[in-house]
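Enquirer: Handing over input-v4.cif, mmCIF, C-alpha atoms.
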data_final
loop_
_atom_site.label_atom_id
_atom_site.label_comp_id
_atom_site.auth_asym_id
_atom_site.auth_seq_id
_atom_site.Cartn_x
_atom_site.Cartn_y
_atom_site.Cartn_z
CA MET A 1 18.92 20.62 44.02
CA ALA A 2 17.12 17.42 43.04
CA VAL A 3 17.79 16.31 39.46
CA TYR A 4 15.19 14.19 37.68
CA ARG A 5 16.68 11.04 36.21
CA ARG A 6 14.71 8.93 33.77
CA PRO A 7 14.28 5.39 35.12
CA ALA A 8 16.99 3.08 33.77
CA ARG A 9 14.32 0.50 32.87
CA GLN A 10 12.71 2.86 30.33
CA ARG A 11 16.02 3.43 28.58
CA PHE A 12 16.78 -0.30 28.68
CA VAL A 13 13.41 -1.20 27.07
CA LEU A 14 13.93 1.40 24.34
CA LEU A 15 17.41 0.03 23.66
CA ILE A 16 16.13 -3.54 23.45
CA VAL A 17 13.21 -2.86 21.09
CA THR A 18 15.38 -0.62 18.89
CA LEU A 19 18.11 -3.26 18.66
CA LEU A 20 15.54 -5.97 17.94
CA ALA A 21 13.90 -3.93 15.19
CA VAL A 22 17.22 -2.95 13.61
CA THR A 23 18.37 -6.60 13.69
CA VAL A 24 15.17 -7.80 11.96
CA VAL A 25 15.41 -5.03 9.35
CA THR A 26 19.07 -5.86 8.66
CA LEU A 27 18.46 -9.61 8.36
CA ASP A 28 15.45 -9.08 6.09
CA GLN A 29 17.31 -6.53 3.93
CA ARG A 30 20.28 -8.86 3.51
CA GLY A 31 18.01 -11.80 2.74
CA GLN A 32 19.51 -13.87 5.56
CA ALA A 33 16.20 -14.32 7.34
CA SER A 34 14.02 -14.33 4.24
CA GLY A 35 13.04 -17.98 4.68
CA VAL A 36 11.92 -17.52 8.27
CA VAL A 37 10.27 -14.15 7.58
CA ASP A 38 8.44 -15.56 4.54
CA ARG A 39 7.14 -18.52 6.56
CA ILE A 40 5.88 -16.23 9.35
CA ARG A 41 4.38 -13.81 6.81
CA ASP A 42 2.65 -16.64 4.90
CA GLY A 43 1.36 -18.16 8.14
CA ALA A 44 0.00 -14.81 9.35
CA SER A 45 -1.66 -14.21 6.00
CA ASP A 46 -3.34 -17.65 5.95
CA VAL A 47 -4.39 -17.53 9.61
CA LEU A 48 -5.95 -14.07 9.33
CA ALA A 49 -7.47 -14.66 5.87
CA PRO A 50 -10.79 -16.21 7.02
CA VAL A 51 -11.22 -13.60 9.76
CA GLN A 52 -10.44 -10.77 7.34
CA SER A 53 -12.88 -12.15 4.77
CA ALA A 54 -15.65 -12.50 7.36
CA VAL A 55 -15.11 -9.03 8.83
CA SER A 56 -14.74 -7.55 5.36
CA SER A 57 -18.00 -9.08 4.08
CA VAL A 58 -19.91 -7.99 7.20
CA LEU A 59 -18.51 -4.47 7.38
CA SER A 60 -17.87 -3.70 3.71
CA PRO A 61 -21.28 -1.98 3.25
CA VAL A 62 -20.29 0.38 6.09
CA GLY A 63 -16.89 0.96 4.54
CA ASP A 64 -18.41 1.47 1.08
CA PHE A 65 -20.94 3.94 2.52
CA PHE A 66 -18.27 6.11 4.15
CA GLY A 67 -15.94 5.56 1.20
CA GLY A 68 -18.74 6.79 -1.07
CA ILE A 69 -19.17 9.94 1.03
CA ALA A 70 -15.42 10.56 0.93
CA ARG A 71 -15.44 10.06 -2.86
CA TYR A 72 -18.65 12.00 -3.58
CA ASP A 73 -16.93 14.40 -5.98
CA ASP A 74 -15.27 11.46 -7.75
CA VAL A 75 -18.61 9.66 -8.11
CA LYS A 76 -20.30 12.79 -9.50
CA ALA A 77 -17.48 13.39 -11.97
CA GLU A 78 -17.47 9.73 -12.95
CA ASN A 79 -21.20 9.82 -13.62
CA ALA A 80 -20.77 12.75 -16.00
CA ARG A 81 -17.81 11.06 -17.65
CA LEU A 82 -19.75 7.80 -18.13
CA ARG A 83 -22.64 9.68 -19.78
CA ARG A 84 -20.22 11.27 -22.23
CA GLN A 85 -18.51 7.94 -22.81
CA LEU A 86 -21.80 6.20 -23.55
CA GLU A 87 -22.47 8.61 -26.37
CA GLU A 88 -18.96 8.32 -27.71
CA GLN A 89 -19.10 4.52 -27.51
CA LYS A 90 -21.93 4.37 -30.03
CA GLY A 91 -19.66 5.76 -32.72
CA LEU A 92 -16.62 3.86 -31.51
CA VAL A 93 -18.02 0.35 -31.80
CA ASP A 94 -17.26 0.05 -35.52
CA ARG A 95 -13.88 1.69 -35.11
CA ALA A 96 -13.01 -0.67 -32.24
CA ALA A 97 -13.60 -3.72 -34.43
CA ASP A 98 -11.24 -2.21 -36.99
CA LEU A 99 -8.61 -1.44 -34.36
CA GLU A 100 -8.88 -4.91 -32.92
CA ARG A 101 -8.19 -6.42 -36.31
CA GLU A 102 -5.24 -4.05 -36.76
CA HIS A 103 -3.94 -4.87 -33.32
CA LYS A 104 -4.11 -8.59 -34.02
CA GLU A 105 -2.32 -8.08 -37.30
CA LEU A 106 0.41 -6.12 -35.54
CA LEU A 107 0.82 -8.86 -32.95
CA ASP A 108 1.06 -11.46 -35.71
CA LEU A 109 3.61 -9.36 -37.55
CA ASP A 110 5.79 -8.99 -34.48
CA GLY A 111 5.45 -12.68 -33.66
CA LEU A 112 4.08 -11.83 -30.22
CA THR A 113 2.37 -14.43 -28.10
CA PHE A 114 -1.38 -14.06 -27.75
CA VAL A 115 -2.01 -13.61 -24.04
CA GLY A 116 -5.22 -15.64 -24.19
CA ASP A 117 -3.22 -18.83 -24.79
CA ILE A 118 -1.42 -18.56 -21.48
CA PRO A 119 -2.99 -20.68 -18.72
CA SER A 120 -4.48 -18.52 -16.03
CA VAL A 121 -6.19 -18.55 -12.64
CA THR A 122 -9.17 -16.27 -12.01
CA ALA A 123 -9.19 -14.72 -8.54
CA ARG A 124 -11.27 -12.32 -6.49
CA VAL A 125 -9.70 -9.27 -4.87
CA VAL A 126 -10.35 -9.57 -1.13
CA SER A 127 -8.52 -6.57 0.29
CA THR A 128 -6.25 -3.68 -0.55
CA SER A 129 -2.94 -2.77 1.06
CA PRO A 130 -3.35 -1.49 4.62
CA SER A 131 -0.46 0.89 3.98
CA ASN A 132 -0.61 4.45 2.67
CA PHE A 133 2.69 4.11 0.90
CA GLU A 134 2.41 0.91 -1.10
CA PHE A 135 -0.21 0.00 -3.67
CA SER A 136 -1.18 -3.63 -3.69
CA VAL A 137 -4.22 -5.88 -3.47
CA VAL A 138 -4.70 -9.32 -1.95
CA ILE A 139 -6.45 -12.07 -3.94
CA ASP A 140 -8.14 -15.23 -2.71
CA LYS A 141 -5.81 -17.62 -4.56
CA GLY A 142 -2.39 -18.87 -3.49
CA THR A 143 0.17 -21.61 -4.09
CA SER A 144 -2.54 -24.28 -3.70
CA ASP A 145 -4.17 -22.88 -6.87
CA GLY A 146 -0.93 -22.71 -8.85
CA VAL A 147 -0.10 -19.06 -8.18
CA ALA A 148 3.61 -18.30 -7.84
CA LYS A 149 5.71 -15.25 -7.04
CA GLY A 150 6.46 -13.07 -10.05
CA MET A 151 3.47 -14.12 -12.18
CA PRO A 152 1.83 -11.32 -14.21
CA VAL A 153 -1.73 -10.33 -13.30
CA VAL A 154 -4.27 -8.88 -15.74
CA ALA A 155 -7.86 -7.69 -15.64
CA GLY A 156 -10.25 -7.41 -18.58
CA GLU A 157 -8.59 -4.37 -20.13
CA GLY A 158 -4.90 -5.04 -19.53
CA LEU A 159 -2.06 -5.35 -17.05
CA VAL A 160 -2.69 -4.95 -13.32
CA GLY A 161 0.72 -5.87 -11.84
CA ARG A 162 2.60 -8.93 -10.65
CA VAL A 163 2.47 -11.37 -7.74
CA SER A 164 4.90 -10.14 -5.10
CA GLU A 165 4.05 -12.42 -2.16
CA VAL A 166 2.21 -15.70 -2.08
CA SER A 167 1.02 -18.03 0.67
CA ARG A 168 -1.08 -21.20 0.45
CA GLU A 169 -4.43 -19.41 0.29
CA ARG A 170 -3.59 -15.80 -0.58
CA ALA A 171 -1.37 -13.77 -2.89
CA THR A 172 -0.41 -10.10 -2.85
CA ILE A 173 -0.33 -8.29 -6.17
CA LEU A 174 1.96 -5.28 -6.50
CA LEU A 175 0.01 -2.82 -8.65
CA LEU A 176 1.48 -0.89 -11.58
CA THR A 177 1.08 2.35 -9.63
CA ASP A 178 3.35 1.24 -6.76
CA THR A 179 6.61 3.15 -6.62
CA ASP A 180 8.47 -0.20 -6.69
CA SER A 181 6.78 -1.32 -9.92
CA ARG A 182 8.74 -1.38 -13.20
CA VAL A 183 7.35 -2.70 -16.49
CA GLY A 184 9.10 -2.80 -19.84
CA VAL A 185 6.73 -1.19 -22.36
CA LYS A 186 6.52 -0.54 -26.07
CA LEU A 187 4.45 2.28 -27.54
CA SER A 188 2.22 0.55 -30.09
CA ALA A 189 2.22 3.18 -32.87
CA SER A 190 5.60 4.89 -32.58
CA GLY A 191 7.41 1.66 -31.61
CA ASP A 192 9.45 3.33 -28.86
CA VAL A 193 10.41 1.19 -25.89
CA GLY A 194 10.84 2.30 -22.29
CA VAL A 195 10.28 1.34 -18.67
CA ALA A 196 6.98 2.33 -17.04
CA ARG A 197 7.51 3.30 -13.41
CA GLY A 198 4.78 3.61 -10.78
CA ARG A 199 4.37 6.99 -9.06
CA GLY A 200 1.60 6.24 -6.60
CA SER A 201 -2.18 6.14 -6.67
CA ARG A 202 -3.95 8.67 -8.92
CA GLN A 203 -0.66 9.47 -10.65
CA PRO A 204 0.08 8.43 -14.25
CA LEU A 205 3.04 6.09 -14.79
CA ALA A 206 6.30 7.67 -15.93
CA VAL A 207 7.92 6.00 -18.92
CA ASP A 208 11.70 6.24 -18.60
CA LEU A 209 14.41 5.77 -21.22
CA VAL A 210 12.26 6.86 -24.19
CA ASP A 211 14.33 8.29 -27.04
CA PRO A 212 14.11 12.13 -27.17
CA GLY A 213 13.17 11.91 -30.86
CA THR A 214 10.03 9.92 -30.09
CA LYS A 215 6.89 10.45 -32.14
CA ALA A 216 4.67 9.21 -29.31
CA ALA A 217 1.31 10.94 -29.29
CA LYS A 218 -1.47 11.40 -26.79
CA GLY A 219 -3.88 8.46 -26.73
CA GLU A 220 -1.34 5.95 -28.03
CA ILE A 221 -1.47 2.57 -26.29
CA ALA A 222 1.59 1.23 -24.45
CA VAL A 223 1.88 -2.55 -24.27
CA THR A 224 4.35 -4.79 -22.44
CA SER A 225 7.50 -5.06 -24.52
CA GLY A 226 8.28 -8.65 -23.59
CA LEU A 227 11.95 -8.07 -24.31
CA GLN A 228 14.36 -10.80 -23.29
CA GLY A 229 14.29 -11.35 -19.55
CA SER A 230 11.05 -9.44 -19.07
CA VAL A 231 8.77 -10.77 -16.35
CA PHE A 232 5.69 -9.90 -18.42
CA PRO A 233 4.52 -11.56 -21.65
CA PRO A 234 4.58 -9.28 -24.70
CA GLY A 235 1.59 -7.39 -26.01
CA VAL A 236 -0.44 -6.89 -22.82
CA PRO A 237 -1.95 -3.37 -22.80
CA VAL A 238 -0.48 -1.30 -19.95
CA GLY A 239 -1.64 2.27 -20.43
CA LYS A 240 -2.62 5.11 -22.70
CA VAL A 241 -0.24 8.01 -23.38
CA GLU A 242 -1.45 11.08 -21.51
CA LEU A 243 1.58 13.27 -22.09
CA ALA A 244 4.55 13.05 -24.47
CA ARG A 245 7.03 15.88 -24.91
CA THR A 246 10.72 16.45 -25.26
CA THR A 247 12.50 19.27 -23.47
CA PRO A 248 15.35 20.71 -25.59
CA GLY A 249 18.65 19.19 -24.47
CA ALA A 250 17.01 16.42 -22.43
CA LEU A 251 18.46 12.92 -22.69
CA GLN A 252 15.03 11.32 -22.77
CA ALA A 253 11.45 12.27 -23.60
CA THR A 254 8.91 12.92 -20.86
CA VAL A 255 6.16 10.36 -21.34
CA ARG A 256 3.28 9.69 -18.94
CA ILE A 257 0.75 6.91 -19.38
CA THR A 258 -2.53 6.27 -17.56
CA PRO A 259 -3.15 2.59 -16.75
CA VAL A 260 -5.86 1.08 -18.96
CA VAL A 261 -7.23 -0.78 -15.94
CA ASP A 262 -8.94 1.21 -13.17
CA LEU A 263 -6.73 -0.09 -10.36
CA ARG A 264 -8.90 1.47 -7.65
CA ARG A 265 -11.92 -0.64 -8.53
CA LEU A 266 -10.64 -4.16 -9.03
CA THR A 267 -12.98 -7.05 -8.28
CA PHE A 268 -11.71 -9.97 -10.35
CA VAL A 269 -8.27 -10.48 -11.87
CA ARG A 270 -6.51 -13.22 -13.83
CA VAL A 271 -3.11 -14.48 -12.78
CA LEU A 272 -1.18 -15.60 -15.86
CA GLN A 273 0.83 -18.76 -15.19
CA TRP A 274 3.58 -17.49 -17.39
CA ASN A 275 7.29 -18.08 -17.08
CA PRO A 276 9.73 -15.82 -18.93
CA MET B 1 0.48 -4.88 31.00
CA SER B 2 -1.13 -8.16 30.11
CA ARG B 3 0.77 -9.71 27.21
CA LEU B 4 -2.31 -11.62 26.13
CA ARG B 5 -4.43 -8.47 26.09
CA LEU B 6 -1.77 -6.66 24.08
CA LEU B 7 -1.62 -9.49 21.52
CA ALA B 8 -5.41 -9.68 21.30
CA VAL B 9 -5.72 -5.93 20.72
CA VAL B 10 -2.94 -5.91 18.11
CA VAL B 11 -4.62 -8.76 16.18
CA LEU B 12 -8.03 -7.07 16.46
CA VAL B 13 -6.70 -3.72 15.25
CA LEU B 14 -4.75 -5.46 12.46
CA VAL B 15 -7.95 -7.12 11.20
CA VAL B 16 -9.85 -3.81 11.40
CA GLN B 17 -7.01 -2.01 9.60
CA THR B 18 -6.73 -4.53 6.75
CA ALA B 19 -10.43 -5.36 6.32
CA VAL B 20 -12.18 -2.08 7.15
CA LEU B 21 -9.98 1.00 7.47
CA ALA B 22 -8.04 0.20 4.27
CA ARG B 23 -11.36 0.84 2.45
CA LEU B 24 -12.08 4.12 4.21
CA ARG B 25 -9.75 6.25 2.16
CA ILE B 26 -9.86 10.00 1.81
CA ALA B 27 -7.83 11.17 -1.19
CA GLY B 28 -6.47 7.61 -1.33
CA VAL B 29 -5.22 7.72 2.26
CA ALA B 30 -6.47 5.44 5.06
CA PRO B 31 -6.21 5.98 8.84
CA ASP B 32 -3.20 4.19 10.38
CA ALA B 33 -4.66 2.33 13.35
CA MET B 34 -1.46 0.34 14.03
CA LEU B 35 0.47 3.56 14.54
CA LEU B 36 -2.43 4.98 16.54
CA ILE B 37 -2.33 2.22 19.18
CA ALA B 38 1.41 2.79 19.65
CA VAL B 39 0.76 6.51 20.11
CA CYS B 40 -2.14 5.87 22.51
CA ALA B 41 -0.02 3.42 24.54
CA GLY B 42 2.56 6.20 24.93
CA ILE B 43 -0.14 8.66 26.04
CA VAL B 44 -1.84 6.28 28.46
CA GLY B 45 1.06 4.15 29.69
CA GLY B 46 4.21 6.22 29.23
CA PRO B 47 7.42 5.71 27.23
CA GLU B 48 8.09 2.06 28.07
CA ARG B 49 4.61 0.83 27.13
CA GLY B 50 4.57 3.09 24.09
CA ALA B 51 7.80 1.51 22.85
CA VAL B 52 6.72 -2.09 23.50
CA THR B 53 3.24 -1.62 21.98
CA GLY B 54 4.77 0.20 19.00
CA PHE B 55 7.22 -2.63 18.42
CA VAL B 56 4.52 -5.34 18.56
CA SER B 57 1.99 -3.45 16.41
CA GLY B 58 4.70 -2.45 13.94
CA ILE B 59 6.06 -5.97 13.49
CA ALA B 60 2.50 -7.30 12.96
CA PHE B 61 1.87 -4.59 10.36
CA ASP B 62 5.19 -5.32 8.63
CA LEU B 63 4.04 -8.87 7.89
CA PHE B 64 1.37 -7.42 5.58
CA LEU B 65 3.63 -5.04 3.68
CA VAL B 66 5.57 -6.16 0.63
CA THR B 67 7.88 -3.34 -0.39
CA THR B 68 9.54 -2.44 2.91
CA PRO B 69 11.69 -4.69 5.11
CA VAL B 70 10.12 -6.44 8.09
CA GLY B 71 11.01 -4.51 11.24
CA LEU B 72 10.88 -1.03 9.74
CA SER B 73 7.39 -0.16 11.01
CA ALA B 74 8.33 -1.81 14.33
CA LEU B 75 11.36 0.47 14.66
CA VAL B 76 9.47 3.65 13.74
CA TYR B 77 6.35 2.89 15.78
CA ALA B 78 8.43 1.94 18.86
CA LEU B 79 10.37 5.21 18.70
CA ILE B 80 7.16 7.23 18.16
CA GLY B 81 5.43 5.41 21.05
CA TYR B 82 8.41 6.12 23.30
CA GLY B 83 8.62 9.76 22.23
CA VAL B 84 4.89 10.33 22.77
CA GLY B 85 5.26 8.75 26.22
CA LEU B 86 7.98 11.25 27.11
CA VAL B 87 5.84 14.18 25.95
CA ALA B 88 2.72 12.86 27.68
CA GLU B 89 4.58 12.45 30.98
CA GLY B 90 5.14 16.16 31.09
CA THR B 91 1.65 17.14 30.01
CA VAL B 92 -1.19 18.10 32.33
CA ARG B 93 -4.13 16.01 31.16
CA SER B 94 -7.00 18.18 32.23
CA ALA B 95 -8.70 18.77 28.89
CA TRP B 96 -10.20 16.02 26.69
CA TRP B 97 -8.70 17.47 23.54
CA ILE B 98 -5.06 17.29 24.64
CA PRO B 99 -4.66 13.50 24.11
CA VAL B 100 -6.70 13.75 20.88
CA LEU B 101 -4.48 16.51 19.55
CA THR B 102 -1.36 14.64 20.70
CA ALA B 103 -2.54 11.46 18.90
CA GLY B 104 -3.18 13.37 15.66
CA ALA B 105 0.13 15.24 15.73
CA ALA B 106 2.13 12.12 16.66
CA SER B 107 0.43 10.09 13.91
CA ALA B 108 1.32 12.76 11.36
CA ALA B 109 4.91 12.77 12.64
CA GLY B 110 4.96 8.95 12.52
CA SER B 111 3.94 8.96 8.86
CA VAL B 112 6.78 11.34 8.01
CA ALA B 113 9.23 9.25 10.05
CA PHE B 114 8.14 6.05 8.28
CA ALA B 115 8.43 7.58 4.81
CA VAL B 116 11.88 9.03 5.52
CA SER B 117 13.16 5.79 7.13
CA ALA B 118 11.87 3.71 4.21
CA ASN B 119 13.61 6.10 1.86
CA VAL B 120 16.93 5.95 3.73
CA ILE B 121 16.94 2.27 4.74
CA ALA B 122 15.07 0.54 1.90
CA GLY B 123 15.48 3.05 -0.93
CA ALA B 124 11.69 3.32 -1.23
CA ASP B 125 10.36 6.33 -3.08
CA PHE B 126 7.94 7.46 -0.37
CA VAL B 127 9.11 11.04 0.12
CA GLY B 128 7.29 12.98 -2.56
CA PRO B 129 4.17 15.03 -3.22
CA ARG B 130 2.00 12.19 -1.93
CA LEU B 131 3.49 12.55 1.55
CA ALA B 132 1.94 16.03 1.73
CA VAL B 133 -1.47 14.35 1.36
CA VAL B 134 -0.78 11.36 3.63
CA VAL B 135 0.42 13.41 6.62
CA PRO B 136 -2.64 15.63 7.18
CA VAL B 137 -5.17 12.90 6.37
CA VAL B 138 -3.55 10.39 8.76
CA GLY B 139 -3.24 13.12 11.42
CA VAL B 140 -6.91 14.10 11.23
CA THR B 141 -8.41 10.60 10.84
CA ASN B 142 -6.26 9.19 13.64
CA ALA B 143 -7.28 12.10 15.88
CA ILE B 144 -10.94 11.23 15.18
CA LEU B 145 -10.30 7.59 16.09
CA ALA B 146 -8.18 8.49 19.13
CA PRO B 147 -10.96 8.53 21.79
CA LEU B 148 -11.86 4.93 20.94
CA ALA B 149 -8.23 3.81 20.70
CA LEU B 150 -7.34 5.45 24.02
CA ARG B 151 -10.06 3.49 25.82
CA LEU B 152 -9.00 0.25 24.12
CA VAL B 153 -5.34 0.76 25.01
CA ALA B 154 -6.21 1.76 28.59
CA TRP B 155 -8.01 -1.58 28.96
CA THR B 156 -5.01 -3.41 27.45
CA ILE B 157 -2.59 -1.79 29.82
CA GLY B 158 -4.86 -1.95 32.84
CA SER B 159 -3.82 1.64 33.20
CA GLU B 160 -2.83 3.23 36.46
CA ARG B 161 -2.19 6.45 34.55
CA LYS B 162 -5.38 8.16 33.43
CA THR B 163 -6.32 10.50 30.64
CA ALA B 164 -9.45 12.56 30.25
CA LEU B 165 -10.60 10.14 27.52
CA ALA B 166 -9.40 6.89 29.06
CA PRO B 167 -10.76 7.01 32.59
#
Take the structure I supplied and represent it as structure tokens, if you would.
Expert:
Amino acid sequence: MAVYRRPARQRFVLLIVTLLAVTVVTLDQRGQASGVVDRIRDGASDVLAPVQSAVSSVLSPVGDFFGGIARYDDVKAENARLRRQLEEQKGLVDRAADLEREHKELLDLDGLTFVGDIPSVTARVVSTSPSNFEFSVVIDKGTSDGVAKGMPVVAGEGLVGRVSEVSRERATILLLTDTDSRVGVKLSASGDVGVARGRGSRQPLAVDLVDPGTKAAKGEIAVTSGLQGSVFPPGVPVGKVELARTTPGALQATVRITPVVDLRRLTFVRVLQWNP
Amino acid sequence: MSRLRLLAVVVLVLVVQTAVLARLRIAGVAPDAMLLIAVCAGIVGGPERGAVTGFVSGIAFDLFLVTTPVGLSALVYALIGYGVGLVAEGTVRSAWWIPVLTAGAASAAGSVAFAVSANVIAGADFVGPRLAVVVPVVGVTNAILAPLALRLVAWTIGSERKTALAP
């Protein structure tokens, strides 16, 4: 009886590509090839940047059209929400001025640095992460504009994330919602501190290590704690408390915050040239 | 398989993935064209070409990811491309929907494999409720894109093996 045998060449090719991939993963994980990998990554990013920008600007109306269809329910819900907000805003204007004054006073009391004094670079968001598992955006500024790895990034309302990769012309910002993102936060009213952890797009951030006796309440603003060694300056708004509760016997409270910045619709951001 | 054609197609698909498809998200999930060309290479060209195309497309994709080690997508995509090639070898390609269905199912399986590998190798927190959204969306959107990708990959390979959609 004839027995089918898979060609040796097929098995050999599989072995070679598997070994190659495992070797690259191991070297990158151990940091032994980080210099080489970073140079290749930066080069690829810079080489493809003009092509990506051109293709993106030509085809973005198509993408936005189909994206709009896919998000029709979101757009409808957002429209209703904006109408409600507009009405609420009328009454909130006076209260906001009051809160702003209070906020400034609190910052002064705590001796926190005013974020506006930190030199910054304004950048345009040119693309989002191609991956379905990580949440990042690419901006059109890089080392040639003074952007460096680790720098905090903010938008008008508050914190967006931090620079995780940078090449000459481009930088990748790891968003707050990424599962790798960790930010030290302080709840502005109750004073509790914790670590806000990303849980993916459309999911509120989880705040770990909050004392079970916390008095955190819904709507309270969480700002960066700026504790010693923190990579973020203190006092930058991060999110609004959506849920705060303590389960009997739990070692920490369950706190969820919604980012103050709409991370799905970023156009311009500011990179803070801040060193801890 | 022309190496130049393979490189050209990988760069083209990478640009389309980063500049166009990354915007076309359904429930926050985009099609995975880099995985799709590995899968299509397996369908059109067999295990060997599936593995090589998967390795090249994966390593190119890895250069644009920041939270997982370089080489992880290459490893997963190469294994998926090889596996699809083995399955496709034993499949009678008489109906147009068989390669489309295969591409969708393999893409869904590839997404699971990537999430699990990232979890095990890099400690990434990718295996969670979100994976239940990513898997079906990638499966369906990649199946929709499969007819186009199959033709593109057949041109790259200069295929001697034919499918109903890549004549």
Enquirer: Mind giving me the straight-line distance from CA of Val223 in chain A to CA of Gly123 in chain B in Å, one decimal?
Expert: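 According to the coordinates, CA of Val223 in chain A and CA of Gly123 in chain B are separated by 27.6 Å.
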Enquirer: Residues picked by the PyMOL selection byres ((chain A and resi 140-152) around 10) here, as number ranges by chain?
Expert: A: 46, 49, 53, 120-127, 138-139, 153-154, 159-174, 231-233, 236, 268, 270-276
Enquirer: Produce a file of the selected residues containing C-alpha atoms, as a compact mmCIF listing (two decimals), in the coordinates of the input.
Expert:
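The result, written out as result_27.txt:
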# COMPACT_ATOMS: atom_id res chain seq x y z
CA ASP A 46 -3.34 -17.65 5.95
CA ALA A 49 -7.47 -14.66 5.87
CA SER A 53 -12.88 -12.15 4.77
CA SER A 120 -4.48 -18.52 -16.03
CA VAL A 121 -6.19 -18.55 -12.64
CA THR A 122 -9.17 -16.27 -12.01
CA ALA A 123 -9.19 -14.72 -8.54
CA ARG A 124 -11.27 -12.32 -6.49
CA VAL A 125 -9.70 -9.27 -4.87
CA VAL A 126 -10.35 -9.57 -1.13
CA SER A 127 -8.52 -6.57 0.29
CA VAL A 138 -4.70 -9.32 -1.95
CA ILE A 139 -6.45 -12.07 -3.94
CA VAL A 153 -1.73 -10.33 -13.30
CA VAL A 154 -4.27 -8.88 -15.74
CA LEU A 159 -2.06 -5.35 -17.05
CA VAL A 160 -2.69 -4.95 -13.32
CA GLY A 161 0.72 -5.87 -11.84
CA ARG A 162 2.60 -8.93 -10.65
CA VAL A 163 2.47 -11.37 -7.74
CA SER A 164 4.90 -10.14 -5.10
CA GLU A 165 4.05 -12.42 -2.16
CA VAL A 166 2.21 -15.70 -2.08
CA SER A 167 1.02 -18.03 0.67
CA ARG A 168 -1.08 -21.20 0.45
CA GLU A 169 -4.43 -19.41 0.29
CA ARG A 170 -3.59 -15.80 -0.58
CA ALA A 171 -1.37 -13.77 -2.89
CA THR A 172 -0.41 -10.10 -2.85
CA ILE A 173 -0.33 -8.29 -6.17
CA LEU A 174 1.96 -5.28 -6.50
CA VAL A 231 8.77 -10.77 -16.35
CA PHE A 232 5.69 -9.90 -18.42
CA PRO A 233 4.52 -11.56 -21.65
CA VAL A 236 -0.44 -6.89 -22.82
CA PHE A 268 -11.71 -9.97 -10.35
CA ARG A 270 -6.51 -13.22 -13.83
CA VAL A 271 -3.11 -14.48 -12.78
CA LEU A 272 -1.18 -15.60 -15.86
CA GLN A 273 0.83 -18.76 -15.19
CA TRP A 274 3.58 -17.49 -17.39
CA ASN A 275 7.29 -18.08 -17.08
CA PRO A 276 9.73 -15.82 -18.93
Enquirer: For the file shown, what are the residues hit by the PyMOL selection byres ((chain B) within 8 of (chain A)), laid out as a PyMOL selection string?
Expert: chain B and resi 15-30+32+47-48+51-52+55+63-67+69-72+74-75+78-79+82+115+122+124-126+130+134
Enquirer: How many Å separate CA of Gly229 in chain A from CA of Gly194 in chain A?
Expert: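 Between CA of Gly229 in chain A and CA of Gly194 in chain A the gap is 14.3 Å.
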Enquirer: So which residues touch Asn142 in chain B within 12 Å, counting all atoms listed in the file, skipping near sequence neighbours fewer than 6 positions away, as a PyMOL selection string?
Expert: chain B and resi 17+21+29-40+99-111+134-136+148-150
Enquirer: In Å, with one decimal, what is the gap from CA of Ala60 in chain B to CA of Val36 in chain A?
Expert: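 So the answer is 14.7 Å.
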Enquirer: For Thr267 in chain A, which residue out of A:Glu220, A:Asp117, A:Gly156, A:Gly235 is the nearest one, using all atoms listed in the file?
Expert: A:Gly156
Enquirer: Any chance you could work out the residue set of the PyMOL selection byres ((chain B and resi 6) around 9) here, as a list in words?
Expert: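 Selection result, ordered by chain and number: Met1, Ser2, Arg3, Leu4, Arg5, Leu7, Ala8, Val9, Val10, Val11, Thr53, Val56, Val153, Thr156 and Ile157 of chain B.
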